[in-house]
Amino acid sequence: MQDLTAPGRTLEPVPAEASNRVEWLDGVRALAALFVVLHHVWLMTYGGYPGNNGPWPTDWMVYGHLAVAVFIVVSGYSLTLSPARHGMRLKEGGWTFLRRRFWRIVPPYWAALAVSAFLIMAGLIGSPSGDPVTGRDILVHFLLLQDTIGNTPPNGVFWSIAVEWHIYFLFPLLLLCFRRFGTAVTLPAVAVLVAVQHVAGQFIPAVGAFDRFSPAFFVLFAAGAAAAGLSRRGVLAAHSMVAAAVLGIGFVTAAVLAGPEWVVSEYFWVDLAVGAAAAALFNALAQGRLRWIARGLAARPLAFLGKFAFSLYLVHALALEMLRVHVVHAAGLTGGAAFWTLLGLGLPAAVLAAYGFFALCERPFLTIRSFSQLGGALRSPFRSMAGGRRRTLATNTSAKDPAP
């Protein structure tokens with residue numbers, strides 16, 4: 001199985017604060033998450049990345065990586081909804097923002113890291129690269145340094161968590177620039193700075209070393225944040241519709257004419273184009289344009305799935321790999337038979353596993369924001385059990401010694 005951590009692999013969404021949820025955004029999360037699952041079904045059966053060893057109708061599944069462009073824009077947009085209502089300021093301050101984001105994403109991520117490590121150590125699955133996973137690798141991931149220190153990942157999509165976690169530290173600075181210089185200056189400046197780094201990195205190794213932090217994603221995050229500010233002010237809706245259409249049609253045309261290998265080789269620029277299209281679409285939808293798209297994205301099944309898209313990201317590859325190893329590979333299936341079997345079994349299995357993981361490991365952290373709250377949550381079941389025993393004892397005592 002190929003290493004899903006290499007540049008150009010798919011990433012999953014990191015969730016926004018629940019208080020800022022927009023129903024059609026949950027639909028975007030759901031569709032993007034499903035696209036990632038389909039991409040990995042293709043990768044585990046047909047493969048051939050960056051080419052396609054499967055039939056040509058599956059070419060589009062090669063582009064699962066582009067889900068990251070959408071997910072990062074969603075994150076920037078969602079997290080800026082509240083600051084946009086307060087003059088592009090974090091009402092709770094930068095430190096509180098980081099603390100809230102930590103408790104929202106890191107504990108579920110740690111739980112998924114533990115599950116991934118257990119499955120590998122137990123010999124139930126292998127690492128994405130096929131290399132052994134050591135205690136050092138687990139520690140690097142525990143510390144969210146997998147985009148900084150070389151490692152063998154226990155789950156090939158975990159590196160995106162580190163990338164976005166590091167973007168959070170730049171968010172207060174990004175908002176400051178929006179306040180001081182405005183969107184028209186800040187967003188192009190960020191894009192130009194990152195583009196210069198990317199081009200210079202082709203010739204200067206020391207500059208190219210920064211590619212490990214995926215700086216293009218900061219541009220996408222900034223584009224999402226800018227879209228939240230524009231939609232709050234109610235501007236450029238018509239222009240955004242045109243931009244989204246032009247960029248979207250341009251990507252589809254390039255993908256059809258040039259093919260998967262060229263698109264993958266140009267993912268830096270393709271990511272920026274697809275991310276810009278997503279940001280423009282969000283601005284238009286938020287201002288009431290293209291209502292039919294908003295209604296479709298807000299459909300109940302998509303809205304439901306979108307609420308645990310982060311959990312789907314964290315565990316879907318584990319569910320698929322278990323089925324690939326113990327069902328598809330064990331049965332000797334290849335090609336189309338392997339693909340359709342893994343798709344038919346893996347998609348519902350991934351969704352069910354994700355919802356169970358969400359209920360146990362993600363949903364509690366929608367409200368827990370400190371170690372004291374975590375301790376209280378862990379103690380509450382035991383307090384309930386103790387209270388139940390006391391009530392039972394009192395009832396039994398009353399029954400044996402009724403009052404006169």
# chains A, B, ... in the order shown; residues from 1 in each chain; ligands from 1
call {"tool": "residues_around", "arguments": {"residues": "Ile293 (chain A)", "least_positions_apart": "3", "cutoff": "12 Å", "atoms": "only C-alpha atoms", "output": "compact mmCIF listing (two decimals) with C-alpha atoms, in the first residue's frame"}}
result
# COMPACT_ATOMS: atom_id res chain seq x y z
CA GLU A 23 -25.97 23.63 7.57
CA TRP A 24 -24.71 23.86 4.01
CA LEU A 25 -21.13 23.83 5.31
CA GLY A 27 -22.97 19.28 3.55
CA VAL A 28 -19.65 20.40 2.08
CA MET A 241 -20.34 33.24 -8.61
CA LEU A 281 -18.70 29.73 -3.80
CA PHE A 282 -18.99 30.08 -0.02
CA ALA A 284 -22.04 33.52 -2.88
CA LEU A 285 -23.96 30.89 -0.90
CA ALA A 286 -23.71 32.88 2.33
CA GLY A 288 -28.31 33.86 -0.64
CA ARG A 289 -27.13 33.16 -4.18
CA LEU A 290 -27.44 29.70 -5.75
CA GLY A 296 -28.93 20.40 -1.54
CA LEU A 297 -25.91 20.74 0.73
CA ALA A 298 -28.18 21.27 3.74
CA ALA A 299 -30.15 18.07 3.06
call {"tool": "residues_around", "arguments": {"residues": "Met88 (chain A)", "least_positions_apart": "6", "cutoff": "8 Å", "atoms": "only C-alpha atoms", "output": "count of residues only"}}
result
6
call {"tool": "residues_around", "arguments": {"residues": "region 98-104 of chain A", "least_positions_apart": "5", "cutoff": "12 Å", "atoms": "only C-alpha atoms", "output": "mmCIF file with C-alpha atoms, in the first residue's frame"}}
result
data_model
loop_
_atom_site.group_PDB
_atom_site.id
_atom_site.type_symbol
_atom_site.label_atom_id
_atom_site.label_comp_id
_atom_site.auth_asym_id
_atom_site.auth_seq_id
_atom_site.Cartn_x
_atom_site.Cartn_y
_atom_site.Cartn_z
ATOM 1 C CA VAL A 14 -10.635 19.601 10.919
ATOM 2 C CA PRO A 15 -13.942 20.618 12.514
ATOM 3 C CA ALA A 16 -15.019 24.172 13.262
ATOM 4 C CA GLU A 17 -16.558 25.293 16.511
ATOM 5 C CA ALA A 18 -20.046 23.867 16.874
ATOM 6 C CA SER A 75 -11.862 25.650 8.279
ATOM 7 C CA LEU A 79 -13.396 29.850 12.270
ATOM 8 C CA LEU A 90 -11.068 37.029 18.358
ATOM 9 C CA GLU A 92 -12.018 35.474 23.510
ATOM 10 C CA GLY A 93 -8.399 36.309 22.646
ATOM 11 C CA TYR A 109 -6.846 12.726 17.349
ATOM 12 C CA TRP A 110 -4.894 11.167 20.220
ATOM 13 C CA LEU A 144 1.991 16.976 16.529
ATOM 14 C CA ILE A 161 -3.722 17.593 11.785
ATOM 15 C CA ALA A 162 -0.242 18.937 12.498
ATOM 16 C CA GLU A 164 -3.670 22.796 10.494
ATOM 17 C CA TRP A 165 -2.713 22.963 14.155
ATOM 18 C CA HIS A 166 0.289 25.070 13.175
ATOM 19 C CA ILE A 167 -1.893 27.274 10.973
ATOM 20 C CA TYR A 168 -3.958 28.101 14.060
ATOM 21 C CA PHE A 169 -0.949 29.871 15.579
ATOM 22 C CA LEU A 170 -0.913 32.252 12.605
ATOM 23 C CA PHE A 171 -4.654 32.937 12.729
ATOM 24 C CA PRO A 172 -4.462 35.910 15.156
ATOM 25 C CA PHE A 310 -13.721 14.744 11.451
ATOM 26 C CA SER A 311 -14.193 11.300 12.974
ATOM 27 C CA PHE A 358 -17.596 10.285 17.235
ATOM 28 C CA CYS A 361 -14.137 10.176 21.429
ATOM 29 C CA GLU A 362 -15.250 13.358 19.660
ATOM 30 C CA ARG A 363 -18.688 14.415 20.883
ATOM 31 C CA PRO A 364 -17.608 14.734 24.551
ATOM 32 C CA PHE A 365 -15.039 17.336 23.488
ATOM 33 C CA LEU A 366 -17.664 19.573 21.945
ATOM 34 C CA THR A 367 -18.108 20.920 25.487
ATOM 35 C CA ILE A 368 -14.967 19.897 27.411
ATOM 36 C CA ARG A 369 -12.449 22.750 27.345
ATOM 37 C CA SER A 370 -10.102 22.038 30.273
ATOM 38 C CA PHE A 371 -8.508 19.252 32.291
ATOM 39 C CA GLN A 373 -13.880 19.571 32.947
ATOM 40 C CA LEU A 374 -12.363 16.366 31.606
#
call {"tool": "select_by_dssp", "arguments": {"residues": "region 53-156 of chain A", "states": "alpha helix (DSSP H)", "output": "NGL selection string"}}
result
:A and (66-84 or 94-121 or 135-142)
call {"tool": "closest_atom_pairs", "arguments": {"of": "region 256-361 of chain A", "to": "region 113-134 of chain A", "cutoff": "8 Å", "atoms": "only C-alpha atoms", "output": "Markdown table"}}
result
| residue | atom | partner | partner_atom | distance |
| --- | --- | --- | --- | --- |
| A:Leu318 | CA | A:Ser116 | CA | 7.1 |
| A:Glu321 | CA | A:Ile125 | CA | 6.7 |
| A:Met322 | CA | A:Ile125 | CA | 6.3 |
| A:Val325 | CA | A:Ile125 | CA | 7.0 |
call {"tool": "write_last_selection", "arguments": {"atoms": "N, CA and C atoms", "output": "PDB file, in the first residue's frame"}}
result
ATOM      1  N   LEU A 318      -8.563   3.173   8.654  1.00  0.00           N
ATOM      2  CA  LEU A 318      -8.394   1.964   9.460  1.00  0.00           C
ATOM      3  C   LEU A 318      -9.448   0.927   9.100  1.00  0.00           C
ATOM      4  N   GLU A 321      -8.662  -0.460   5.602  1.00  0.00           N
ATOM      5  CA  GLU A 321      -7.482  -1.319   5.580  1.00  0.00           C
ATOM      6  C   GLU A 321      -7.766  -2.670   6.229  1.00  0.00           C
ATOM      7  N   MET A 322      -8.564  -2.668   7.303  1.00  0.00           N
ATOM      8  CA  MET A 322      -8.948  -3.942   7.918  1.00  0.00           C
ATOM      9  C   MET A 322      -9.688  -4.818   6.912  1.00  0.00           C
ATOM     10  N   VAL A 325      -7.280  -6.073   4.039  1.00  0.00           N
ATOM     11  CA  VAL A 325      -6.370  -7.148   4.427  1.00  0.00           C
ATOM     12  C   VAL A 325      -7.115  -8.447   4.688  1.00  0.00           C
TER      13      VAL A 325
END
call {"tool": "closest_residue", "arguments": {"among": "A:Gly87, A:Thr96, A:Ser160, A:Ala228", "to": "Ala280 (chain A)", "atoms": "only C-alpha atoms"}}
result
A:Ala228
call {"tool": "residues_around", "arguments": {"residues": "region 53-57 of chain A", "least_positions_apart": "5", "cutoff": "9 Å", "atoms": "only C-alpha atoms", "output": "PyMOL selection string"}}
result
chain A and resi 42+45-48+335-336
call {"tool": "atom_distance", "arguments": {"atom1": "CA of Asn283 (chain A)", "atom2": "CA of Ser82 (chain A)"}}
result
15.3 Å
call {"tool": "residues_around", "arguments": {"residues": "Ala278 (chain A)", "least_positions_apart": "4", "cutoff": "9 Å", "atoms": "only C-alpha atoms", "output": "ChimeraX atom specification"}}
result
/A:69-70,73-74,223-224,244,248,273-274,282-283
call {"tool": "residues_around", "arguments": {"residues": "Val328 (chain A)", "least_positions_apart": "3", "cutoff": "9 Å", "atoms": "only C-alpha atoms", "output": "PyMOL selection string"}}
result
chain A and resi 45+323-325+331-334+337-339+341-342
call {"tool": "atom_distance", "arguments": {"atom1": "CA of Val252 (chain A)", "atom2": "CA of Val270 (chain A)"}}
result
10.7 Å
call {"tool": "closest_atom_pairs", "arguments": {"of": "region 10-92 of chain A", "to": "region 230-236 of chain A", "cutoff": "9 Å", "atoms": "only C-alpha atoms", "output": "CSV"}}
result
residue,atom,partner,partner_atom,distance
A:Leu81,CA,A:Arg232,CA,8.0
A:Ala84,CA,A:Arg232,CA,6.5
A:Arg85,CA,A:Arg232,CA,7.3
call {"tool": "write_last_selection", "arguments": {"atoms": "N, CA and C atoms", "output": "mmCIF file, in the first residue's frame"}}
result
data_model
loop_
_atom_site.group_PDB
_atom_site.id
_atom_site.type_symbol
_atom_site.label_atom_id
_atom_site.label_comp_id
_atom_site.auth_asym_id
_atom_site.auth_seq_id
_atom_site.Cartn_x
_atom_site.Cartn_y
_atom_site.Cartn_z
ATOM 1 N N LEU A 81 -16.139 33.108 11.117
ATOM 2 C CA LEU A 81 -17.515 33.597 11.215
ATOM 3 C C LEU A 81 -17.711 34.463 12.455
ATOM 4 N N ALA A 84 -15.601 37.766 12.291
ATOM 5 C CA ALA A 84 -16.182 38.684 11.308
ATOM 6 C C ALA A 84 -17.311 39.504 11.910
ATOM 7 N N ARG A 85 -17.952 38.969 12.947
ATOM 8 C CA ARG A 85 -19.017 39.718 13.625
ATOM 9 C C ARG A 85 -18.458 40.699 14.649
#
call {"tool": "atom_distance", "arguments": {"atom1": "CA of Val242 (chain A)", "atom2": "CA of Ala277 (chain A)"}}
result
9.5 Å
call {"tool": "residues_around", "arguments": {"residues": "region 183-194 of chain A", "least_positions_apart": "6", "cutoff": "7 Å", "atoms": "only C-alpha atoms", "output": "number ranges by chain"}}
result
A: 177, 215-216, 219, 222-223, 226
call {"tool": "write_last_selection", "arguments": {"atoms": "N, CA and C atoms", "output": "PDB file, in the first residue's frame"}}
result
ATOM      1  N   CYS A 177      -3.842  41.434  10.237  1.00  0.00           N
ATOM      2  CA  CYS A 177      -3.579  41.975   8.893  1.00  0.00           C
ATOM      3  C   CYS A 177      -4.873  42.355   8.189  1.00  0.00           C
ATOM      4  N   PRO A 215       2.752  25.332   2.984  1.00  0.00           N
ATOM      5  CA  PRO A 215       2.360  26.745   3.087  1.00  0.00           C
ATOM      6  C   PRO A 215       1.191  27.124   2.191  1.00  0.00           C
ATOM      7  N   ALA A 216       0.964  26.387   1.104  1.00  0.00           N
ATOM      8  CA  ALA A 216      -0.184  26.705   0.252  1.00  0.00           C
ATOM      9  C   ALA A 216      -1.485  26.608   1.031  1.00  0.00           C
ATOM     10  N   VAL A 219      -2.630  29.838   2.462  1.00  0.00           N
ATOM     11  CA  VAL A 219      -3.341  30.683   1.497  1.00  0.00           C
ATOM     12  C   VAL A 219      -4.808  30.278   1.436  1.00  0.00           C
ATOM     13  N   ALA A 222      -6.567  31.409   4.509  1.00  0.00           N
ATOM     14  CA  ALA A 222      -6.794  32.855   4.419  1.00  0.00           C
ATOM     15  C   ALA A 222      -7.919  33.174   3.448  1.00  0.00           C
ATOM     16  N   ALA A 223      -8.027  32.408   2.358  1.00  0.00           N
ATOM     17  CA  ALA A 223      -9.115  32.627   1.406  1.00  0.00           C
ATOM     18  C   ALA A 223     -10.462  32.346   2.052  1.00  0.00           C
ATOM     19  N   ALA A 226     -11.179  35.218   4.361  1.00  0.00           N
ATOM     20  CA  ALA A 226     -11.587  36.396   3.590  1.00  0.00           C
ATOM     21  C   ALA A 226     -13.029  36.263   3.122  1.00  0.00           C
TER      22      ALA A 226
END
call {"tool": "closest_residue", "arguments": {"among": "A:Gly375, A:Pro50, A:Pro108, A:Gly208", "to": "Ala354 (chain A)", "atoms": "only C-alpha atoms"}}
result
A:Pro108
call {"tool": "decode", "arguments": {"residues": "region 234-271 of chain A", "atoms": "C-alpha atoms", "output": "PDB file, in the first residue's frame"}}
result
ATOM      1  CA  GLY A 234     -22.478  41.420   1.862  1.00  0.00           C
ATOM      2  CA  VAL A 235     -20.159  42.251  -1.036  1.00  0.00           C
ATOM      3  CA  LEU A 236     -18.942  40.641  -4.276  1.00  0.00           C
ATOM      4  CA  ALA A 237     -21.595  37.912  -4.399  1.00  0.00           C
ATOM      5  CA  ALA A 238     -22.115  38.131  -8.172  1.00  0.00           C
ATOM      6  CA  HIS A 239     -18.386  38.343  -8.840  1.00  0.00           C
ATOM      7  CA  SER A 240     -17.872  35.318  -6.608  1.00  0.00           C
ATOM      8  CA  MET A 241     -20.343  33.237  -8.612  1.00  0.00           C
ATOM      9  CA  VAL A 242     -18.496  34.038 -11.822  1.00  0.00           C
ATOM     10  CA  ALA A 243     -15.105  33.315 -10.253  1.00  0.00           C
ATOM     11  CA  ALA A 244     -16.263  29.978  -8.846  1.00  0.00           C
ATOM     12  CA  ALA A 245     -17.697  28.938 -12.221  1.00  0.00           C
ATOM     13  CA  VAL A 246     -14.617  29.973 -14.210  1.00  0.00           C
ATOM     14  CA  LEU A 247     -12.175  28.289 -11.832  1.00  0.00           C
ATOM     15  CA  GLY A 248     -14.288  25.152 -11.551  1.00  0.00           C
ATOM     16  CA  ILE A 249     -14.728  24.772 -15.308  1.00  0.00           C
ATOM     17  CA  GLY A 250     -11.044  25.521 -15.807  1.00  0.00           C
ATOM     18  CA  PHE A 251     -10.023  22.724 -13.456  1.00  0.00           C
ATOM     19  CA  VAL A 252     -12.357  20.166 -15.047  1.00  0.00           C
ATOM     20  CA  THR A 253     -11.091  21.093 -18.509  1.00  0.00           C
ATOM     21  CA  ALA A 254      -7.446  20.787 -17.450  1.00  0.00           C
ATOM     22  CA  ALA A 255      -8.102  17.454 -15.731  1.00  0.00           C
ATOM     23  CA  VAL A 256      -9.789  15.998 -18.817  1.00  0.00           C
ATOM     24  CA  LEU A 257      -7.228  17.279 -21.306  1.00  0.00           C
ATOM     25  CA  ALA A 258      -4.013  16.852 -19.306  1.00  0.00           C
ATOM     26  CA  GLY A 259      -4.856  13.797 -17.218  1.00  0.00           C
ATOM     27  CA  PRO A 260      -4.191  12.784 -13.611  1.00  0.00           C
ATOM     28  CA  GLU A 261      -0.398  12.709 -13.679  1.00  0.00           C
ATOM     29  CA  TRP A 262      -0.124  16.307 -14.850  1.00  0.00           C
ATOM     30  CA  VAL A 263      -2.739  17.500 -12.359  1.00  0.00           C
ATOM     31  CA  VAL A 264      -0.938  15.770  -9.488  1.00  0.00           C
ATOM     32  CA  SER A 265       2.404  17.226 -10.580  1.00  0.00           C
ATOM     33  CA  GLU A 266       0.862  20.716 -10.413  1.00  0.00           C
ATOM     34  CA  TYR A 267      -1.061  20.243  -7.166  1.00  0.00           C
ATOM     35  CA  PHE A 268       0.385  23.412  -5.638  1.00  0.00           C
ATOM     36  CA  TRP A 269      -1.292  25.589  -8.270  1.00  0.00           C
ATOM     37  CA  VAL A 270      -4.331  23.342  -8.657  1.00  0.00           C
ATOM     38  CA  ASP A 271      -4.918  23.483  -4.890  1.00  0.00           C
TER      39      ASP A 271
END
